[in-house]
Amino acid sequence: MLHRGHCLPPTTGPTTSITVLDSEAKTRLDFTTNMTKQPSNKPLVAILMGSDSDWPVMNAAADALAEFGIASEAKVISAHRTPRDLEQYASGARERGLRVFICGAGGAAHLPGVTAAFTTLPVIGVPIMGKALDGMDSLLSIVQMPPGVPVATVGINAARNAGLLAAQILGTGDDALQKKLDQFKLKLAEESRAKNKTLAA
Ligand code: RP5
């Protein structure tokens with residue numbers, strides 16, 4: 001069952017498409033969420049998650065990408081519930097113009113690793129904190145990949161960092177994007193220095 005309520009940030013603006021792929025139930029739902037800034041082109045980043053219950057966390061990856069004008073597409077595809085959909089999606093991603101995967105999953109979190117098995121595009125894994133074990137199960141499932149099949153794992157629930165890392169990967173081949181990333185770093189440093197003023201007050 002879908003829980004669309006928690007997948008739908010309000011307001012207006014550009015969109016990230018969320019699709020639930022379920023070949024057995026022949027269910028396909030597309031709906032849109034609003035990002036803070038306008039990504040203009042075809043999606044370069046695939047944001048996959050094992051369930052729509054992951055979206056409140058994974059949403060931050062889409063937001064981070066949108067801040068840099070990078071279009072993404074977000075989909076629910078499960079390594080366990082819809083493995084054939086995952087093979088199809090991941091193996092054709094490069095041809096469709098995608099360049100980086102961000103995959104979030106909780107519990108026995110095999111989505112990033114199985115995605116990496118089907119593509120040579122870089123895969124960033126986001127361990128989602130589930131209802132048990134404080135997310136350590138997700139973290140260890142994602143980070144301990146076998147030699148030859150890397151997944152770049154960010155912190156538990158650290159979807160924003162996953163979005164930023166994807167932007168940095170794309171920035172290696174895009175001067176305009178690299179400039180935005182440089183500006184972002186400068187702003188981050190300014191914000192950090194400004195914290196001293198708060199301490200002094
Ligand atoms: C994982 O199981 C998903 O990534 C999610 O984090 C977790 C729970 O899924 P639901 O029961 O909410 O569908 O596969």
# chains A, B, ... in the order shown; residues from 1 in each chain; ligands from 1
>>> select_by_dssp(residues="region 29-148 of chain A", states="alpha helix (DSSP H)", output="ChimeraX atom specification")
/A:55-67,83-91,111-117,136-143
>>> residues_near_ligand(ligand="ligand 1", cutoff="9 Å", atoms="only C-alpha atoms and all ligand atoms", output="list of chain:residue names")
A:Met1, A:Leu2, A:Met49, A:Gly50, A:Ser51, A:Asp52, A:Ser53, A:Asp54, A:Val76, A:Ile77, A:Ser78, A:Ala79, A:His80, A:Arg81, A:Gly104, A:Ala105, A:Gly106, A:Gly107, A:Ala108, A:Ala109, A:His110, A:Leu111, A:Pro127, A:Ile128, A:Met129, A:Gly130, A:Lys131, A:Ser138
>>> closest_residue(among="A:Ile142, A:Thr120, A:Gln183, A:Asn59", to="Glu95 (chain A)", atoms="only C-alpha atoms")
A:Thr120
>>> select_by_dssp(residues="region 12-195 of chain A", states="strand (DSSP E or B)", output="PyMOL selection string")
chain A and resi 15-22+27-34+45-49+72-76+100-106+123-128+152-153
>>> atom_distance(atom1="CA of Ala71 (chain A)", atom2="CA of Gly148 (chain A)")
28.8 Å
>>> atom_distance(atom1="CA of Ile102 (chain A)", atom2="CA of Ala189 (chain A)")
25.9 Å
>>> closest_residue(among="A:Gly69, A:Pro43, A:Pro56, A:Gly97", to="Gly171 (chain A)", atoms="only C-alpha atoms")
A:Gly69
>>> closest_residue(among="A:Gly155, A:Gly173, A:Pro146, A:Gly92", to="Phe118 (chain A)", atoms="only C-alpha atoms")
A:Gly92
>>> atom_distance(atom1="CA of Ser72 (chain A)", atom2="CA of Val45 (chain A)")
4.7 Å
>>> residues_around(residues="Leu165 (chain A)", least_positions_apart="2", cutoff="12 Å", atoms="only C-alpha atoms", output="PyMOL selection string")
chain A and resi 45+61-62+64-65+68+100-102+122-126+152-154+158-163+167-172+181
